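One structure below.
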Amino acid sequence: MTEACVGFTRVLRGAGLQCGPDRVQAFLRATEHVDLYWAGRLTLCADPDDLPRYDAAYRAYFGGTPPRPRTTIELDSVTVGVAASDVEVLKHKDISEFNAAPLIAMLKPLPPRRRSRRLRKARRGPVDLARTVRAMIEMGGEITRPRHRRRGVKARRLVLLIDVSGSMAAYSDALLRFAHVIAHAMPVEVRTIGTRLTRVTRQLRERDPERALKAAGRAIPDYEGGTRLGETLRRFNQQWRQRGAVVVLFSDGWERGDATLLANEMARLRRVSHKVIWANPHAGKPGYRPVQSGVVAALPHVDTMVAGHSVHALEQLLKEVRRA
């Protein structure tokens, strides 16, 4: 079955659909939960214009007539009408309510950028005197157009701190999958926080997401345990020596430890970071108020708080990271 599915994606690429490795992996995982036709339509079609080509390729490869566009299917006990617009519906659903792995695998993160010290050729900017003189010598001393240079751009370091305590249990798996996608797109440091601070960067570099998550799960000793944000952040601040990173903290803010310690460590973290973003799974829900002790203590030292409860919210978070 897997071989047939991979062959189908080759046909789709020939038809003009953008079926890269990430989409193929998402397609294969989606077939475990839904009918093959809908699994491919959900994960392999990026644009409404792809739908007619997808249906034509499906008929040519598998034979028969594709199901009607408004057929409803079961996806992890959540009934959804599958059509082009329904992908957007799923993106806005709370990731604690369904298996969001296929949609998370389709995310295309881009790293935050910063100016490097190295100068590079440019069409505008300060005159590169050395290159300009060399060009004049090559032209026999004739005056030539000035050459320019400017500082290049490189990826800025990104740090993800993921709360894996019991109160975050409904989101931990999806957030680790999100970190796995990022780990294969840019330089990133990933630590889990709860009652312990655990580095899972190496485990998440494993290409296969299921093996990566299993390895990370084995490495995390306090999975679904208590919350000591202040203490774990103190350990992180003691270990982390790099300055200028973008730090994203995923947590609901339920702090069982000393809130004053958390405030002090968040202030310390902010001083050495380029930007601190708090992604709170409850922040995007109607009626949410930041009254948890951990949130109240940390907010003065956070550049921005964003929602973290849906695939759409994670897309917006990636835009916030990119803008940093």
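By convention here, the chains of the structure tokens are called A, B, ... in the order presented, each chain's residues are numbered starting at 1, and ligands are numbered starting at 1 in the order presented.
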(request) Return as number ranges by chain the full set of residues in region 179-289 of chain A whose backbone-based DSSP assignment is strand (DSSP E or B). (result) A: 188-193, 197-199, 245-250, 273-280
(message) as a PyMOL selection string, please: every residue in region 116-288 of chain A that DSSP puts in alpha helix (DSSP H).
(response) chain A and resi 129-138+169-183+201-204+209-219+229-239+259-272
Sorted by chain and rising residue number, which residues of region 210-316 of chain A lie within 8 Å of region 184-194 of chain A, and what are their closest atom pairs and distances in Å to one decimal, counting only C-alpha atoms, as a tab-separated table?
residue	atom	partner	partner_atom	distance
A:Ile220	CA	A:Thr192	CA	7.5
A:Asp222	CA	A:Gly194	CA	6.5
A:Tyr223	CA	A:Gly194	CA	7.6
A:Gly225	CA	A:Gly194	CA	6.7
A:Gly226	CA	A:Gly194	CA	5.9
A:Thr227	CA	A:Gly194	CA	4.5
A:Arg228	CA	A:Gly194	CA	5.6
A:Leu229	CA	A:Gly194	CA	6.4
A:Thr232	CA	A:Ile193	CA	6.1
A:Leu233	CA	A:Ile193	CA	7.9
Per-residue nearest contacts of region 157-276 of chain A to region 23-31 of chain A (12 Å; only C-alpha atoms) as a tab-separated table:
residue	atom	partner	partner_atom	distance
A:Arg177	CA	A:Ala26	CA	11.9
A:Val181	CA	A:Ala26	CA	11.6
A:Arg207	CA	A:Gln25	CA	10.8
A:Asp208	CA	A:Gln25	CA	9.0
A:Pro209	CA	A:Gln25	CA	9.3
A:Glu210	CA	A:Arg29	CA	10.0
Restricting it to N, CA and C atoms, dump the selection as a PDB file, in the first residue's frame.
ATOM      1  N   ARG A 177       5.872  17.664  17.960  1.00  0.00           N
ATOM      2  CA  ARG A 177       5.860  17.464  16.502  1.00  0.00           C
ATOM      3  C   ARG A 177       6.179  18.776  15.784  1.00  0.00           C
ATOM      4  N   VAL A 181       9.373  19.571  13.203  1.00  0.00           N
ATOM      5  CA  VAL A 181       9.341  20.228  11.887  1.00  0.00           C
ATOM      6  C   VAL A 181      10.352  21.364  11.842  1.00  0.00           C
ATOM      7  N   ARG A 207      15.079  11.956  11.443  1.00  0.00           N
ATOM      8  CA  ARG A 207      14.233  12.343  10.320  1.00  0.00           C
ATOM      9  C   ARG A 207      12.789  11.866  10.474  1.00  0.00           C
ATOM     10  N   ASP A 208      12.596  10.630  10.877  1.00  0.00           N
ATOM     11  CA  ASP A 208      11.249  10.089  11.006  1.00  0.00           C
ATOM     12  C   ASP A 208      10.568  10.673  12.250  1.00  0.00           C
ATOM     13  N   PRO A 209       9.413  11.320  12.114  1.00  0.00           N
ATOM     14  CA  PRO A 209       8.800  11.987  13.272  1.00  0.00           C
ATOM     15  C   PRO A 209       8.383  11.035  14.381  1.00  0.00           C
ATOM     16  N   GLU A 210       7.893   9.851  14.023  1.00  0.00           N
ATOM     17  CA  GLU A 210       7.454   8.916  15.065  1.00  0.00           C
ATOM     18  C   GLU A 210       8.638   8.430  15.891  1.00  0.00           C
TER      19      GLU A 210
END
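Each of A:Ser251, A:Asn237, A:Ser293, A:Asn99 was compared to Val164 (chain A) using only C-alpha atoms, and A:Ser251 turns out to be the nearest.
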(message) Give me the residues near Thr304 (chain A) as a PyMOL selection string, where near means some atom within 9 Å (using only C-alpha atoms) and where sequence neighbours in that chain fewer than 4 positions away do not count.
(response) chain A and resi 275-279+299
Let's have the selection written as a compact mmCIF listing (two decimals), in the first residue's frame, with N, CA, C and O atoms.
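Saved to again24.txt:
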# COMPACT_ATOMS: atom_id res chain seq x y z
N LYS A 275 14.38 38.39 21.44
CA LYS A 275 12.93 38.51 21.63
C LYS A 275 12.43 37.28 22.38
O LYS A 275 12.90 36.17 22.15
N VAL A 276 11.46 37.48 23.28
CA VAL A 276 10.84 36.40 24.03
C VAL A 276 9.35 36.36 23.67
O VAL A 276 8.64 37.36 23.86
N ILE A 277 8.91 35.22 23.17
CA ILE A 277 7.51 35.03 22.78
C ILE A 277 6.90 33.94 23.66
O ILE A 277 7.49 32.88 23.83
N TRP A 278 5.73 34.21 24.22
CA TRP A 278 5.03 33.21 25.01
C TRP A 278 3.86 32.69 24.18
O TRP A 278 2.98 33.45 23.80
N ALA A 279 3.86 31.38 23.90
CA ALA A 279 2.75 30.75 23.18
C ALA A 279 1.90 30.00 24.20
O ALA A 279 2.33 28.98 24.75
N LEU A 299 4.60 37.98 32.33
CA LEU A 299 4.18 38.90 31.26
C LEU A 299 5.00 40.19 31.16
O LEU A 299 5.28 40.63 30.04
(message) Considering only C-alpha atoms, can you say which of A:Met106, A:Val6, A:Val295, A:Ala216 comes closest to Arg256 (chain A)?
(response)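 Answer, going by the shortest atom-to-atom distance: A:Val295.
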(message) Let me make sure I understand: among A:Gly40, A:Asp22, A:Glu32, A:Asp252, which one has the smallest atom-to-atom distance to His180 (chain A) if we use only C-alpha atoms?
(response)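 Among the listed residues, the smallest separation from His180 (chain A) belongs to A:Asp22.
Using only C-alpha atoms for every distance, the candidate list A:Ala130, A:Leu261, A:Val89, A:Leu51 yields A:Val89 as the residue closest to His312 (chain A).
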(message) Residues near Ala307 (chain A), anyone? I mean within 10 Å using only C-alpha atoms, not counting same-chain ones fewer than 2 positions away, as a list in words.
(response)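 Contacts, in chain order: Phe250, Trp278, Ala279, Asn280, Pro281, His282, Ala283, Gly284, Lys285, Met305, His309, Ser310, His312, Ala313, Leu314, Gln316 and Leu317 of chain A.
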Mind writing the picked residues with N, CA, C and O atoms as a tab-separated table (two decimals), in the first residue's frame?
chain	number	residue	atom	x	y	z
A	250	PHE	N	6.42	27.69	25.36
A	250	PHE	CA	5.09	27.10	25.24
A	250	PHE	C	4.63	26.66	26.62
A	250	PHE	O	5.18	25.71	27.19
A	278	TRP	N	5.73	34.21	24.22
A	278	TRP	CA	5.03	33.21	25.01
A	278	TRP	C	3.86	32.69	24.18
A	278	TRP	O	2.98	33.45	23.80
A	279	ALA	N	3.86	31.38	23.90
A	279	ALA	CA	2.75	30.75	23.18
A	279	ALA	C	1.90	30.00	24.20
A	279	ALA	O	2.33	28.98	24.75
A	280	ASN	N	0.70	30.50	24.45
A	280	ASN	CA	-0.18	29.95	25.48
A	280	ASN	C	-1.39	29.31	24.80
A	280	ASN	O	-2.13	29.99	24.08
A	281	PRO	N	-1.63	28.00	24.98
A	281	PRO	CA	-2.74	27.35	24.29
A	281	PRO	C	-4.11	27.89	24.68
A	281	PRO	O	-5.09	27.67	23.96
A	282	HIS	N	-4.19	28.61	25.80
A	282	HIS	CA	-5.48	29.15	26.22
A	282	HIS	C	-5.69	30.59	25.76
A	282	HIS	O	-6.81	31.11	25.83
A	283	ALA	N	-4.63	31.22	25.30
A	283	ALA	CA	-4.71	32.65	24.96
A	283	ALA	C	-5.64	32.92	23.77
A	283	ALA	O	-6.17	34.03	23.64
A	284	GLY	N	-5.83	31.93	22.90
A	284	GLY	CA	-6.67	32.15	21.73
A	284	GLY	C	-8.12	31.79	21.94
A	284	GLY	O	-8.93	31.85	21.00
A	285	LYS	N	-8.49	31.42	23.16
A	285	LYS	CA	-9.86	30.98	23.43
A	285	LYS	C	-10.71	32.13	23.97
A	285	LYS	O	-10.21	32.98	24.70
A	305	MET	N	2.62	37.80	23.69
A	305	MET	CA	1.97	36.52	23.96
A	305	MET	C	1.05	36.20	22.80
A	305	MET	O	0.29	37.05	22.34
A	309	HIS	N	-2.95	27.07	20.36
A	309	HIS	CA	-3.90	25.97	20.49
A	309	HIS	C	-4.31	25.32	19.19
A	309	HIS	O	-5.02	24.32	19.20
A	310	SER	N	-3.90	25.87	18.05
A	310	SER	CA	-4.35	25.35	16.75
A	310	SER	C	-3.21	25.43	15.74
A	310	SER	O	-2.21	26.10	15.96
A	312	HIS	N	-3.46	26.88	12.89
A	312	HIS	CA	-3.46	28.28	12.44
A	312	HIS	C	-2.65	29.15	13.41
A	312	HIS	O	-1.88	30.02	12.98
A	313	ALA	N	-2.83	28.93	14.71
A	313	ALA	CA	-2.08	29.69	15.70
A	313	ALA	C	-0.58	29.43	15.57
A	313	ALA	O	0.24	30.35	15.70
A	314	LEU	N	-0.21	28.18	15.27
A	314	LEU	CA	1.21	27.87	15.07
A	314	LEU	C	1.75	28.53	13.81
A	314	LEU	O	2.91	28.96	13.77
A	316	GLN	N	0.71	31.43	12.69
A	316	GLN	CA	0.89	32.83	13.08
A	316	GLN	C	2.13	32.99	13.96
A	316	GLN	O	2.84	33.99	13.87
A	317	LEU	N	2.39	31.99	14.80
A	317	LEU	CA	3.60	32.03	15.62
A	317	LEU	C	4.84	32.02	14.74
A	317	LEU	O	5.81	32.76	15.00
(request) Provide the CA of His33 (chain A) to CA of Arg205 (chain A) distance in Å, to one decimal place. (result) 25.5 Å
(request) Compile the contact shell of Val321 (chain A) as a list in words: residues with an atom at most 8 Å away, counting only C-alpha atoms, same-chain residues fewer than 3 positions apart removed. (result)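 Counting only C-alpha atoms, the residues come to Pro111, Pro112, Val246, Leu317, Leu318 and Ala324 of chain A.
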Store the residues of this selection in a file with C-alpha atoms, as an mmCIF file, in the first residue's frame.
data_model
loop_
_atom_site.group_PDB
_atom_site.id
_atom_site.type_symbol
_atom_site.label_atom_id
_atom_site.label_comp_id
_atom_site.auth_asym_id
_atom_site.auth_seq_id
_atom_site.Cartn_x
_atom_site.Cartn_y
_atom_site.Cartn_z
ATOM 1 C CA PRO A 111 14.155 31.149 10.415
ATOM 2 C CA PRO A 112 14.425 34.597 11.981
ATOM 3 C CA VAL A 246 14.577 34.309 19.714
ATOM 4 C CA LEU A 317 3.604 32.027 15.617
ATOM 5 C CA LEU A 318 5.998 31.153 12.789
ATOM 6 C CA ALA A 324 11.765 38.857 14.937
#
Quick one: everything within 6 Å of Ser273 (chain A), counting only C-alpha atoms, minus sequence neighbours fewer than 3 positions away in the same chain. Send it as a PDB file with N, CA and C atoms, in the first residue's frame.
ATOM      1  N   ARG A 243      23.848  34.695  23.271  1.00  0.00           N
ATOM      2  CA  ARG A 243      23.010  35.895  23.312  1.00  0.00           C
ATOM      3  C   ARG A 243      22.325  36.128  21.962  1.00  0.00           C
ATOM      4  N   GLY A 244      21.220  36.849  22.011  1.00  0.00           N
ATOM      5  CA  GLY A 244      20.567  37.292  20.786  1.00  0.00           C
ATOM      6  C   GLY A 244      19.640  36.296  20.132  1.00  0.00           C
ATOM      7  N   ALA A 245      19.232  35.238  20.846  1.00  0.00           N
ATOM      8  CA  ALA A 245      18.320  34.255  20.260  1.00  0.00           C
ATOM      9  C   ALA A 245      16.874  34.713  20.398  1.00  0.00           C
ATOM     10  N   ARG A 270      15.104  37.578  29.353  1.00  0.00           N
ATOM     11  CA  ARG A 270      14.819  38.670  28.415  1.00  0.00           C
ATOM     12  C   ARG A 270      16.055  39.517  28.142  1.00  0.00           C
TER      13      ARG A 270
END
(request) Could you jot down the CA of Lys108 (chain A) to CA of Ile182 (chain A) separation for me, Å, one decimal place? (result) 8.3 Å
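Atom pair CA of Pro126 (chain A) / CA of Arg149 (chain A) has a distance of 5.8 Å (rounded to one decimal).
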(message) Which residues are close to Gly230 (chain A), i.e. within 9 Å by only C-alpha atoms, leaving aside same-chain residues fewer than 5 positions away? Reply as a PyMOL selection string.
(response) chain A and resi 235+255+257-266+294
